[in-house]
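J.: Submitted below is the structure of interest, expressed as structure tokens.
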There are 2 protein chains.
Amino acid sequence: MRQVCFGIDIGGTTVKLGLVSSEGDLLEKREFSTQRELSAAFDSIAANMRQVLDSFPDAMCIGAGVGVPGPVLNQSLVRGCVNLGWGDVDVARELGSRAGMPVRVANDANLAALGELWQGGGKGCRNLVLFTVGTGIGGGVICDGRIVSGATGGGGEVGHLPMPFHTEWQCSCGKYGCLEVTASATGIIRAAREFSPFKEMEKVTAKDVYDAAAAGDENAKRITEEAGAALGTAAAILGCVVNPEVILLGGGVSAAGRALLDPVEAAFEKNVFPPCREVRFALAQLGNNAGIFGGAALFFTQSV
Amino acid sequence: MRQVCFGIDIGGTTVKLGLVSSEGDLLEKREFSTQRELSAAFDSIAANMRQVLDSFPDAMCIGAGVGVPGPVLNQSLVRGCVNLGWGDVDVARELGSRAGMPVRVANDANLAALGELWQGGGKGCRNLVLFTVGTGIGGGVICDGRIVSGATGGGGEVGHLPMPFHTEWQCSCGKYGCLEVTASATGIIRAAREFSPFKEMEKVTAKDVYDAAAAGDENAKRITEEAGAALGTAAAILGCVVNPEVILLGGGVSAAGRALLDPVEAAFEKNVFPPCREVRFALAQLGNNAGIFGGAALFFTQSV
């Protein structure tokens with residue numbers, strides 16, 4: 001009988017739910033609105049799980065791996081999700097009792113890293129770091145095949161590494177000089193806004209800044225290179241802490257491709273502890289499905 | 001029958017060998033010269049193991065956990081130890097065949113961190129970071145009870161974090177601005193040497209600088225505070241990467257006690273990601289025996 005597993009990514013707006021085979025095939029995917037009320041949210045997810053399973057009568061479902069945008073303890077207890085309006089919620093119990101199967105839970109950004117390890121840019125590796133560079137910077141750290149979630153579920157918060165760039169800029173977390181104030185799309189846009197033509201534009205995107213850099217704009221070049229230098233220095237920090245085989249860059253800004261990777265790799269080379277230098281940099285491959293694959297990987301690749 | 005385990009710390013000069021009970025009692029400890037020749041080194045260790053076990057006829061020895069000053073793969077293969085003059089050596093095989101028991105191997109600094117987790121300053125915890133601050137800075141990272149050794153055995157190299165202090169000073173690793181160029185005893189002495197009275201002294205120790213700071217010397221205060229700020233910022237970095245419950249400071253400089261801990265904690269508070277703030281700072285407790293306890297912990301607390 002074919003083994004399958006659910007990967008479920010609960011976001012502030014939508015739930016992404018996928019049924020994944022043990023070989024890593026995404027058999028079915030659904031996306032539906034996240035219900036505001038807690039019971040209703042889990043009822044709706046469990047109902048969707050049942051409907052999906054009805055289409056696969058020959059499959060044996062071994063569990064559901066769930067990602068949530070908050071800190072998670074013991075693959076079970078979510079300690080507050082601002083985006084979802086949740087306090088402490090035992091997701092493994094709430095969803096497990098409704099769905100009638102084992103449920104394991106992880107932080108969504110960390111789970112994306114595990115998904116990339118299993119079926120994405122880190123396939124075949126055991127040690128990986130993911131930087132998801134978008135509006136903010138999230139990510140995850142995988143050591144020896146397992147998510148680093150830490151004592152209070154705050155592991156892998158790579159966007160909040162204290163960095164020596166823009167130390168006068170305050171981060172949404174309250175600190176100053178976090179990696180994401182310099183290297184996120186928000187940071188790149190903020191830096192660009194100080195210069196023409198960006199300060200006169202109604203709306204600026206990180207892509208605008210990368211495009212201007214490619215066209216030879218000196219300020220845009222300096223800004224994108226600084227963002228890359230910050231990310232590459234952060235990658236070097238991760239290099240000597242966890243010594244990964246692969247470091248992946250994902251999120252919207254990673255669409256810049258080599259224009260992002262080149263300065264990152266240069267700063268990494270300059271700053272990494274030499275014995276930890278053997279790292280492959282690559283772009284994340286699974287996009288919005290990373291969390292679904294990560295959820296399935298919680299069952300297919302991990303013992304508790 | 002009482003279960004026991006060897007913890008063995010192979011250094012460049014001496015081998016420290018201890019027999020440890022499953023309750024964490026150090027039943028016997030020996031220290032003897034490290035033989036230069038590889039076969040002789042393992043013969044001598046195995047002979048000492050047999051002699052020690054002869055004194056405990058009622059004990060069942062379940063294995064030997066060994067620390068070496070180099071990168072280790074798969075708890076077995078040492079990939080070169082400069083201090084020992086070793087190339088690639090399969091320590092688990094070489095010592096295991098001579099001693100007739102399972103052998104697991106780890107980097108010595110990482111193993112000290114595991115020892116502190118099991119029986120020292122991190123007792124009862126699952127997530128810990130150790131900074132061993134002496135001539136250089138070593139240490140280790142423990143996530144969910146396991147050593148973070150990384151893809152090539154270079155995990156937990158916290159002394160080589162790139163830091164925004166003394167970025168013009170070259171580290172022994174070849175890079176510039178590593179944590180240890182600022183915060184090790186060597187770094188503290190180097191900084192102090194630029195000022196009287198230290199530049200006129202024949203020999204300066206880190207203790208001299210801490211003593212002068214305590215006596216009100218402004219330069220010494222600035223230097224020791226900077227070393228603490230660098231360590232505290234590094235601790236904040238580790239905080240948001242691995243979210244430990246406890247961060248321990250060991251090594252010779254930790255004799256400074258609160259004079260070391262206070263600026264470290266202040267810089268940590270300022271730089272750590274708020275959700276990762278719940279960290280206890282403490283001094284390491286096991287001193288030179290940390291590696292012995294760590295070796296035993298490889299068997300008593302870890303599944304492979």
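So you can find residues: chains in the structure tokens are A, B, ... in the order shown, residues in each start at 1, and ligands are numbered from 1 in order.
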Both chains have the same sequence, so superpose chain B on chain A over all Cα atoms paired in order and return it as a tab-separated table (two decimals) with C-alpha atoms, in the first residue's frame.
T.:
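Writing done, so here's result-v5.tsv:
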chain	number	residue	atom	x	y	z
B	1	MET	CA	-0.03	-0.02	-0.02
B	2	ARG	CA	1.31	3.37	-0.99
B	3	GLN	CA	2.39	5.58	1.92
B	4	VAL	CA	1.35	9.22	1.78
B	5	CYS	CA	1.49	12.19	4.12
B	6	PHE	CA	-0.10	15.61	4.32
B	7	GLY	CA	1.97	18.74	4.27
B	8	ILE	CA	-0.05	21.73	5.47
B	9	ASP	CA	1.07	25.35	5.54
B	10	ILE	CA	-1.25	27.50	7.66
B	11	GLY	CA	-0.80	31.15	6.70
B	12	GLY	CA	-2.55	34.31	7.82
B	13	THR	CA	-4.71	34.38	4.68
B	14	THR	CA	-4.73	30.90	3.19
B	15	VAL	CA	-4.05	27.31	4.08
B	16	LYS	CA	-1.98	25.37	1.55
B	17	LEU	CA	-2.57	21.65	1.83
B	18	GLY	CA	-0.81	18.97	-0.16
B	19	LEU	CA	-0.81	15.19	-0.23
B	20	VAL	CA	2.70	13.90	-0.81
B	21	SER	CA	3.97	10.40	-1.53
B	22	SER	CA	6.97	8.89	0.21
B	23	GLU	CA	8.87	9.33	-3.08
B	24	GLY	CA	8.23	13.08	-2.91
B	25	ASP	CA	5.45	13.39	-5.49
B	26	LEU	CA	2.87	16.08	-4.80
B	27	LEU	CA	-0.30	14.07	-5.53
B	28	GLU	CA	-2.83	16.81	-4.85
B	29	LYS	CA	-2.74	20.39	-3.67
B	30	ARG	CA	-5.49	22.62	-2.34
B	31	GLU	CA	-5.53	26.18	-1.16
B	32	PHE	CA	-8.36	27.65	0.90
B	33	SER	CA	-9.02	30.58	3.23
B	34	THR	CA	-7.76	30.40	6.79
B	35	GLN	CA	-10.79	30.52	9.10
B	36	ARG	CA	-10.43	33.17	11.79
B	37	GLU	CA	-12.04	31.19	14.57
B	38	LEU	CA	-9.77	28.48	15.94
B	39	SER	CA	-12.21	25.55	15.95
B	40	ALA	CA	-13.51	26.50	12.54
B	41	ALA	CA	-9.96	26.67	11.20
B	42	PHE	CA	-9.14	23.13	12.31
B	43	ASP	CA	-12.57	21.81	11.26
B	44	SER	CA	-12.05	23.18	7.79
B	45	ILE	CA	-8.54	21.75	7.49
B	46	ALA	CA	-9.68	18.31	8.69
B	47	ALA	CA	-12.63	18.35	6.28
B	48	ASN	CA	-10.30	19.12	3.39
B	49	MET	CA	-7.97	16.34	4.49
B	50	ARG	CA	-10.85	13.83	4.43
B	51	GLN	CA	-11.98	14.98	0.99
B	52	VAL	CA	-8.49	14.64	-0.43
B	53	LEU	CA	-8.01	11.18	1.07
B	54	ASP	CA	-11.34	10.04	-0.43
B	55	SER	CA	-9.69	10.43	-3.84
B	56	PHE	CA	-6.85	8.11	-2.84
B	57	PRO	CA	-8.55	5.00	-1.47
B	58	ASP	CA	-5.41	2.91	-1.96
B	59	ALA	CA	-3.13	5.24	-0.01
B	60	MET	CA	-2.12	4.79	3.61
B	61	CYS	CA	-1.75	8.23	5.22
B	62	ILE	CA	0.83	8.16	8.00
B	63	GLY	CA	0.30	11.68	9.29
B	64	ALA	CA	0.18	15.41	8.70
B	65	GLY	CA	3.11	17.80	9.05
B	66	VAL	CA	1.95	21.35	9.68
B	67	GLY	CA	3.73	24.70	9.38
B	68	VAL	CA	2.57	27.76	11.30
B	69	PRO	CA	3.94	31.32	11.39
B	70	GLY	CA	5.11	31.27	14.99
B	71	PRO	CA	7.39	29.51	17.49
B	72	VAL	CA	6.63	25.82	18.07
B	73	LEU	CA	7.57	23.59	20.99
B	74	ASN	CA	7.89	19.80	20.87
B	75	GLN	CA	6.50	19.60	17.33
B	76	SER	CA	3.14	20.31	18.89
B	77	LEU	CA	2.49	23.48	20.87
B	78	VAL	CA	2.37	26.79	19.00
B	79	ARG	CA	3.27	29.65	21.31
B	80	GLY	CA	1.33	32.44	19.70
B	81	CYS	CA	0.93	33.45	16.05
B	82	VAL	CA	0.45	37.17	15.56
B	83	ASN	CA	-0.62	36.68	11.91
B	84	LEU	CA	-3.30	34.20	12.92
B	85	GLY	CA	-4.43	35.93	16.09
B	86	TRP	CA	-3.56	32.80	18.07
B	87	GLY	CA	-2.36	32.47	21.63
B	88	ASP	CA	-0.97	29.13	22.80
B	89	VAL	CA	-2.49	26.38	20.66
B	90	ASP	CA	-1.69	22.67	20.74
B	91	VAL	CA	-1.99	22.18	17.00
B	92	ALA	CA	-0.96	18.51	17.14
B	93	ARG	CA	-3.82	17.74	19.52
B	94	GLU	CA	-6.45	20.00	17.92
B	95	LEU	CA	-5.86	18.84	14.38
B	96	GLY	CA	-4.84	15.29	15.28
B	97	SER	CA	-8.10	14.60	17.10
B	98	ARG	CA	-10.18	15.96	14.22
B	99	ALA	CA	-8.23	14.25	11.47
B	100	GLY	CA	-7.62	10.98	13.27
B	101	MET	CA	-3.94	10.78	12.49
B	102	PRO	CA	-0.61	11.84	14.01
B	103	VAL	CA	0.21	15.51	13.51
B	104	ARG	CA	3.63	17.14	13.85
B	105	VAL	CA	4.11	20.89	13.79
B	106	ALA	CA	6.97	23.25	13.01
B	107	ASN	CA	7.59	26.90	12.31
B	108	ASP	CA	6.67	27.58	8.68
B	109	ALA	CA	10.03	29.09	7.67
B	110	ASN	CA	11.94	26.23	9.31
B	111	LEU	CA	9.63	23.73	7.64
B	112	ALA	CA	10.37	25.28	4.23
B	113	ALA	CA	14.06	24.64	4.92
B	114	LEU	CA	13.32	20.99	5.66
B	115	GLY	CA	11.25	20.74	2.47
B	116	GLU	CA	14.13	22.14	0.41
B	117	LEU	CA	16.44	19.60	2.06
B	118	TRP	CA	14.16	16.70	1.18
B	119	GLN	CA	13.00	17.56	-2.33
B	120	GLY	CA	14.42	20.95	-3.32
B	121	GLY	CA	17.76	22.71	-3.61
B	122	GLY	CA	19.29	20.69	-0.80
B	123	LYS	CA	18.25	17.23	-1.95
B	124	GLY	CA	20.72	14.62	-0.75
B	125	CYS	CA	22.18	16.88	1.96
B	126	ARG	CA	21.96	16.64	5.75
B	127	ASN	CA	23.05	20.17	6.72
B	128	LEU	CA	21.44	23.21	5.16
B	129	VAL	CA	20.67	26.87	5.73
B	130	LEU	CA	17.83	28.66	3.96
B	131	PHE	CA	17.50	32.43	3.72
B	132	THR	CA	14.06	33.45	2.44
B	133	VAL	CA	14.56	37.01	1.27
B	134	GLY	CA	11.32	38.88	0.72
B	135	THR	CA	9.58	41.70	2.58
B	136	GLY	CA	11.51	40.43	5.59
B	137	ILE	CA	14.07	37.65	5.89
B	138	GLY	CA	13.06	34.30	7.28
B	139	GLY	CA	14.66	30.95	6.97
B	140	GLY	CA	15.73	27.86	8.72
B	141	VAL	CA	18.67	25.79	9.78
B	142	ILE	CA	18.85	22.01	9.34
B	143	CYS	CA	21.56	20.11	11.19
B	144	ASP	CA	22.06	16.42	10.51
B	145	GLY	CA	18.65	16.24	8.85
B	146	ARG	CA	16.73	17.87	11.70
B	147	ILE	CA	15.21	21.32	12.13
B	148	VAL	CA	17.03	23.50	14.67
B	149	SER	CA	14.03	24.85	16.57
B	150	GLY	CA	15.74	25.73	19.82
B	151	ALA	CA	14.63	25.99	23.42
B	152	THR	CA	11.63	28.27	22.83
B	153	GLY	CA	10.99	27.66	19.14
B	154	GLY	CA	13.11	30.63	18.07
B	155	GLY	CA	15.85	28.72	16.23
B	156	GLY	CA	16.77	29.58	12.66
B	157	GLU	CA	15.73	33.23	12.90
B	158	VAL	CA	18.43	34.20	10.46
B	159	GLY	CA	16.76	37.49	9.49
B	160	HIS	CA	17.47	38.86	12.94
B	161	LEU	CA	21.19	38.25	13.09
B	162	PRO	CA	22.84	41.41	14.40
B	163	MET	CA	24.96	42.73	11.52
B	164	PRO	CA	27.34	45.67	11.11
B	165	PHE	CA	25.24	47.30	8.37
B	166	HIS	CA	22.69	50.09	8.88
B	167	THR	CA	22.95	49.74	12.63
B	168	GLU	CA	20.96	52.97	12.90
B	169	TRP	CA	17.89	51.41	11.26
B	170	GLN	CA	15.33	49.82	13.52
B	171	CYS	CA	13.91	46.41	12.63
B	172	SER	CA	10.26	45.40	13.08
B	173	CYS	CA	11.46	43.24	16.02
B	174	GLY	CA	12.55	46.38	17.89
B	175	LYS	CA	16.29	45.84	17.54
B	176	TYR	CA	18.68	47.82	15.35
B	177	GLY	CA	20.80	46.53	12.51
B	178	CYS	CA	19.22	43.09	11.99
B	179	LEU	CA	20.16	41.40	8.72
B	180	GLU	CA	16.72	42.09	7.30
B	181	VAL	CA	16.94	45.87	7.66
B	182	THR	CA	19.75	45.81	5.07
B	183	ALA	CA	19.15	42.77	2.90
B	184	SER	CA	15.37	42.32	2.64
B	185	ALA	CA	13.35	43.87	-0.18
B	186	THR	CA	12.15	46.43	2.35
B	187	GLY	CA	15.73	47.33	3.23
B	188	ILE	CA	16.86	47.55	-0.37
B	189	ILE	CA	13.94	49.83	-1.21
B	190	ARG	CA	14.55	51.97	1.86
B	191	ALA	CA	18.18	52.48	0.91
B	192	ALA	CA	17.28	53.24	-2.70
B	193	ARG	CA	14.64	55.81	-1.69
B	194	GLU	CA	17.44	58.16	-0.65
B	195	PHE	CA	18.55	58.57	-4.27
B	196	SER	CA	17.15	59.54	-7.65
B	197	PRO	CA	15.40	58.14	-9.56
B	198	PHE	CA	13.93	56.07	-6.74
B	199	LYS	CA	13.04	58.96	-4.45
B	200	GLU	CA	10.78	60.43	-7.13
B	201	MET	CA	9.04	57.16	-8.03
B	202	GLU	CA	5.60	56.48	-6.66
B	203	LYS	CA	6.33	52.82	-6.02
B	204	VAL	CA	9.72	51.10	-5.88
B	205	THR	CA	10.33	47.36	-5.84
B	206	ALA	CA	13.52	45.44	-5.15
B	207	LYS	CA	13.38	44.36	-8.80
B	208	ASP	CA	13.48	48.04	-9.86
B	209	VAL	CA	16.69	48.45	-7.88
B	210	TYR	CA	18.28	45.28	-9.30
B	211	ASP	CA	17.23	46.34	-12.82
B	212	ALA	CA	18.80	49.78	-12.31
B	213	ALA	CA	21.98	48.17	-11.01
B	214	ALA	CA	22.13	45.96	-14.11
B	215	ALA	CA	21.68	49.09	-16.24
B	216	GLY	CA	24.67	50.72	-14.55
B	217	ASP	CA	23.11	52.94	-11.88
B	218	GLU	CA	25.92	53.42	-9.35
B	219	ASN	CA	23.71	53.90	-6.31
B	220	ALA	CA	21.64	50.86	-7.17
B	221	LYS	CA	24.83	48.84	-7.64
B	222	ARG	CA	26.16	49.91	-4.27
B	223	ILE	CA	22.86	49.12	-2.55
B	224	THR	CA	22.42	45.67	-4.07
B	225	GLU	CA	26.06	44.86	-3.39
B	226	GLU	CA	25.66	45.92	0.21
B	227	ALA	CA	22.58	43.73	0.59
B	228	GLY	CA	24.58	40.85	-0.86
B	229	ALA	CA	27.52	41.58	1.42
B	230	ALA	CA	25.25	41.51	4.47
B	231	LEU	CA	23.69	38.22	3.38
B	232	GLY	CA	27.09	36.72	2.56
B	233	THR	CA	28.51	37.75	5.91
B	234	ALA	CA	25.47	36.20	7.59
B	235	ALA	CA	26.07	33.08	5.52
B	236	ALA	CA	29.67	33.02	6.76
B	237	ILE	CA	28.41	33.24	10.33
B	238	LEU	CA	26.11	30.30	9.72
B	239	GLY	CA	29.03	28.56	8.04
B	240	CYS	CA	31.13	28.43	11.16
B	241	VAL	CA	28.22	27.75	13.50
B	242	VAL	CA	26.56	24.88	11.65
B	243	ASN	CA	28.98	24.10	8.75
B	244	PRO	CA	26.28	23.38	6.13
B	245	GLU	CA	26.79	21.63	2.80
B	246	VAL	CA	24.42	23.98	1.03
B	247	ILE	CA	23.08	27.49	1.61
B	248	LEU	CA	19.89	28.32	-0.28
B	249	LEU	CA	18.44	31.69	-1.12
B	250	GLY	CA	14.69	31.86	-1.68
B	251	GLY	CA	11.89	34.41	-1.52
B	252	GLY	CA	11.01	37.18	-3.96
B	253	VAL	CA	14.44	38.82	-4.04
B	254	SER	CA	16.03	35.53	-5.14
B	255	ALA	CA	14.47	36.17	-8.56
B	256	ALA	CA	17.52	38.40	-9.06
B	257	GLY	CA	19.54	35.18	-9.48
B	258	ARG	CA	23.25	35.72	-10.05
B	259	ALA	CA	22.94	39.42	-9.24
B	260	LEU	CA	22.03	38.31	-5.74
B	261	LEU	CA	24.27	35.23	-5.51
B	262	ASP	CA	27.51	36.83	-6.73
B	263	PRO	CA	28.00	39.39	-3.94
B	264	VAL	CA	26.72	36.87	-1.40
B	265	GLU	CA	29.33	34.31	-2.41
B	266	ALA	CA	32.08	36.95	-2.47
B	267	ALA	CA	31.30	38.10	1.08
B	268	PHE	CA	31.00	34.50	2.23
B	269	GLU	CA	34.45	33.61	0.85
B	270	LYS	CA	35.97	36.62	2.58
B	271	ASN	CA	34.40	35.95	5.98
B	272	VAL	CA	34.00	32.21	6.39
B	273	PHE	CA	36.26	30.09	8.60
B	274	PRO	CA	38.43	28.28	6.03
B	275	PRO	CA	37.60	24.69	7.14
B	276	CYS	CA	33.89	25.50	6.61
B	277	ARG	CA	34.36	26.88	3.11
B	278	GLU	CA	33.06	23.88	1.13
B	279	VAL	CA	29.53	25.21	0.71
B	280	ARG	CA	27.35	25.16	-2.37
B	281	PHE	CA	25.18	28.25	-2.86
B	282	ALA	CA	21.97	27.80	-4.82
B	283	LEU	CA	18.49	29.16	-5.23
B	284	ALA	CA	15.62	27.52	-3.40
B	285	GLN	CA	13.57	25.38	-5.78
B	286	LEU	CA	10.19	24.68	-4.23
B	287	GLY	CA	8.75	28.19	-3.94
B	288	ASN	CA	5.43	28.25	-2.12
B	289	ASN	CA	5.32	24.47	-1.94
B	290	ALA	CA	8.41	24.21	0.29
B	291	GLY	CA	6.29	24.07	3.45
B	292	ILE	CA	4.11	21.27	2.05
B	293	PHE	CA	7.17	19.15	1.28
B	294	GLY	CA	8.65	20.05	4.66
B	295	GLY	CA	5.48	18.89	6.40
B	296	ALA	CA	5.65	15.54	4.64
B	297	ALA	CA	9.37	15.31	5.44
B	298	LEU	CA	8.56	15.56	9.16
B	299	PHE	CA	7.14	12.05	8.78
B	300	PHE	CA	9.11	10.59	5.89
B	301	THR	CA	12.59	11.63	7.04
B	302	GLN	CA	12.41	12.18	10.80
B	303	SER	CA	12.09	9.97	13.81
B	304	VAL	CA	10.76	11.81	16.86
J.: Pull the alpha helix (DSSP H) assignments for stretch 194-290 of chain B out of DSSP run on the backbone, and list those residues as number ranges by chain.
T.: B: 206-214, 218-242, 258-271, 290
J.: Could you turn the residues from that selection into a file that holds C-alpha atoms, as an mmCIF file, in the first residue's frame?
T.:
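What follows is the written file result22.cif:
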data_model
loop_
_atom_site.group_PDB
_atom_site.id
_atom_site.type_symbol
_atom_site.label_atom_id
_atom_site.label_comp_id
_atom_site.auth_asym_id
_atom_site.auth_seq_id
_atom_site.Cartn_x
_atom_site.Cartn_y
_atom_site.Cartn_z
ATOM 1 C CA ALA B 206 44.487 38.701 30.587
ATOM 2 C CA LYS B 207 44.207 38.617 34.383
ATOM 3 C CA ASP B 208 46.542 41.642 34.591
ATOM 4 C CA VAL B 209 44.179 43.537 32.311
ATOM 5 C CA TYR B 210 41.058 42.516 34.262
ATOM 6 C CA ASP B 211 42.823 43.417 37.541
ATOM 7 C CA ALA B 212 43.754 46.845 36.157
ATOM 8 C CA ALA B 213 40.183 47.379 34.989
ATOM 9 C CA ALA B 214 38.921 46.525 38.479
ATOM 10 C CA GLU B 218 40.349 53.399 31.890
ATOM 11 C CA ASN B 219 42.104 51.684 29.006
ATOM 12 C CA ALA B 220 41.840 48.307 30.684
ATOM 13 C CA LYS B 221 38.143 48.932 31.339
ATOM 14 C CA ARG B 222 37.534 49.824 27.717
ATOM 15 C CA ILE B 223 39.429 46.761 26.481
ATOM 16 C CA THR B 224 37.699 44.264 28.759
ATOM 17 C CA GLU B 225 34.333 45.821 27.983
ATOM 18 C CA GLU B 226 35.024 45.559 24.282
ATOM 19 C CA ALA B 227 35.974 41.894 24.650
ATOM 20 C CA GLY B 228 32.722 41.351 26.539
ATOM 21 C CA ALA B 229 30.740 43.250 23.919
ATOM 22 C CA ALA B 230 32.205 41.087 21.159
ATOM 23 C CA LEU B 231 31.400 37.900 23.067
ATOM 24 C CA GLY B 232 27.902 39.133 23.929
ATOM 25 C CA THR B 233 27.187 40.047 20.325
ATOM 26 C CA ALA B 234 28.412 36.601 19.280
ATOM 27 C CA ALA B 235 26.140 35.125 21.938
ATOM 28 C CA ALA B 236 23.235 37.086 20.455
ATOM 29 C CA ILE B 237 24.056 35.661 17.038
ATOM 30 C CA LEU B 238 24.007 32.156 18.467
ATOM 31 C CA GLY B 239 20.796 33.094 20.255
ATOM 32 C CA CYS B 240 18.843 33.636 17.079
ATOM 33 C CA VAL B 241 20.468 30.766 15.190
ATOM 34 C CA VAL B 242 20.069 27.998 17.764
ATOM 35 C CA ARG B 258 31.234 38.747 36.710
ATOM 36 C CA ALA B 259 33.758 41.116 35.129
ATOM 37 C CA LEU B 260 33.467 38.935 32.047
ATOM 38 C CA LEU B 261 29.780 38.021 32.324
ATOM 39 C CA ASP B 262 28.396 41.539 32.897
ATOM 40 C CA PRO B 263 29.422 43.120 29.573
ATOM 41 C CA VAL B 264 28.601 39.875 27.769
ATOM 42 C CA GLU B 265 25.054 39.864 29.111
ATOM 43 C CA ALA B 266 24.614 43.576 28.355
ATOM 44 C CA ALA B 267 25.660 43.141 24.714
ATOM 45 C CA PHE B 268 23.507 40.031 24.420
ATOM 46 C CA GLU B 269 20.409 41.864 25.676
ATOM 47 C CA LYS B 270 21.005 44.671 23.207
ATOM 48 C CA ASN B 271 21.519 42.430 20.185
ATOM 49 C CA ALA B 290 34.528 18.519 30.414
#
J.: Among stretch 222-263 of chain A, which residues carry a DSSP assignment of strand (DSSP E or B), reported as a list in words?
T.: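 Going through stretch 222-263 of chain A, the strand (DSSP E or B) residues come out as Val246, Ile247, Leu248, Leu249 and Gly250 of chain A.
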J.: Just to be explicit: take each residue in the selection above, keep all heavy atoms, and write the result as an mmCIF file, in the first residue's frame.
T.:
data_model
loop_
_atom_site.group_PDB
_atom_site.id
_atom_site.type_symbol
_atom_site.label_atom_id
_atom_site.label_comp_id
_atom_site.auth_asym_id
_atom_site.auth_seq_id
_atom_site.Cartn_x
_atom_site.Cartn_y
_atom_site.Cartn_z
ATOM 1 N N VAL A 246 25.063 23.137 2.031
ATOM 2 C CA VAL A 246 24.414 23.982 1.037
ATOM 3 C C VAL A 246 23.730 25.150 1.749
ATOM 4 O O VAL A 246 23.201 24.994 2.856
ATOM 5 C CB VAL A 246 23.405 23.151 0.188
ATOM 6 C CG1 VAL A 246 22.315 22.554 1.052
ATOM 7 C CG2 VAL A 246 22.799 23.973 -0.930
ATOM 8 N N ILE A 247 23.800 26.316 1.118
ATOM 9 C CA ILE A 247 23.072 27.488 1.600
ATOM 10 C C ILE A 247 22.163 27.935 0.463
ATOM 11 O O ILE A 247 22.631 28.216 -0.646
ATOM 12 C CB ILE A 247 24.035 28.615 2.034
ATOM 13 C CG1 ILE A 247 24.885 28.151 3.232
ATOM 14 C CG2 ILE A 247 23.254 29.891 2.379
ATOM 15 C CD1 ILE A 247 25.886 29.170 3.742
ATOM 16 N N LEU A 248 20.864 27.980 0.752
ATOM 17 C CA LEU A 248 19.888 28.316 -0.282
ATOM 18 C C LEU A 248 19.335 29.714 -0.067
ATOM 19 O O LEU A 248 19.122 30.143 1.069
ATOM 20 C CB LEU A 248 18.717 27.329 -0.244
ATOM 21 C CG LEU A 248 19.042 25.864 -0.496
ATOM 22 C CD1 LEU A 248 17.759 25.039 -0.412
ATOM 23 C CD2 LEU A 248 19.710 25.678 -1.848
ATOM 24 N N LEU A 249 19.095 30.401 -1.171
ATOM 25 C CA LEU A 249 18.429 31.690 -1.131
ATOM 26 C C LEU A 249 17.081 31.557 -1.824
ATOM 27 O O LEU A 249 17.007 31.098 -2.972
ATOM 28 C CB LEU A 249 19.284 32.750 -1.831
ATOM 29 C CG LEU A 249 20.677 32.971 -1.213
ATOM 30 C CD1 LEU A 249 21.483 33.952 -2.050
ATOM 31 C CD2 LEU A 249 20.565 33.481 0.216
ATOM 32 N N GLY A 250 16.029 31.902 -1.122
ATOM 33 C CA GLY A 250 14.684 31.851 -1.687
ATOM 34 C C GLY A 250 13.967 33.159 -1.456
ATOM 35 O O GLY A 250 14.573 34.153 -1.054
#
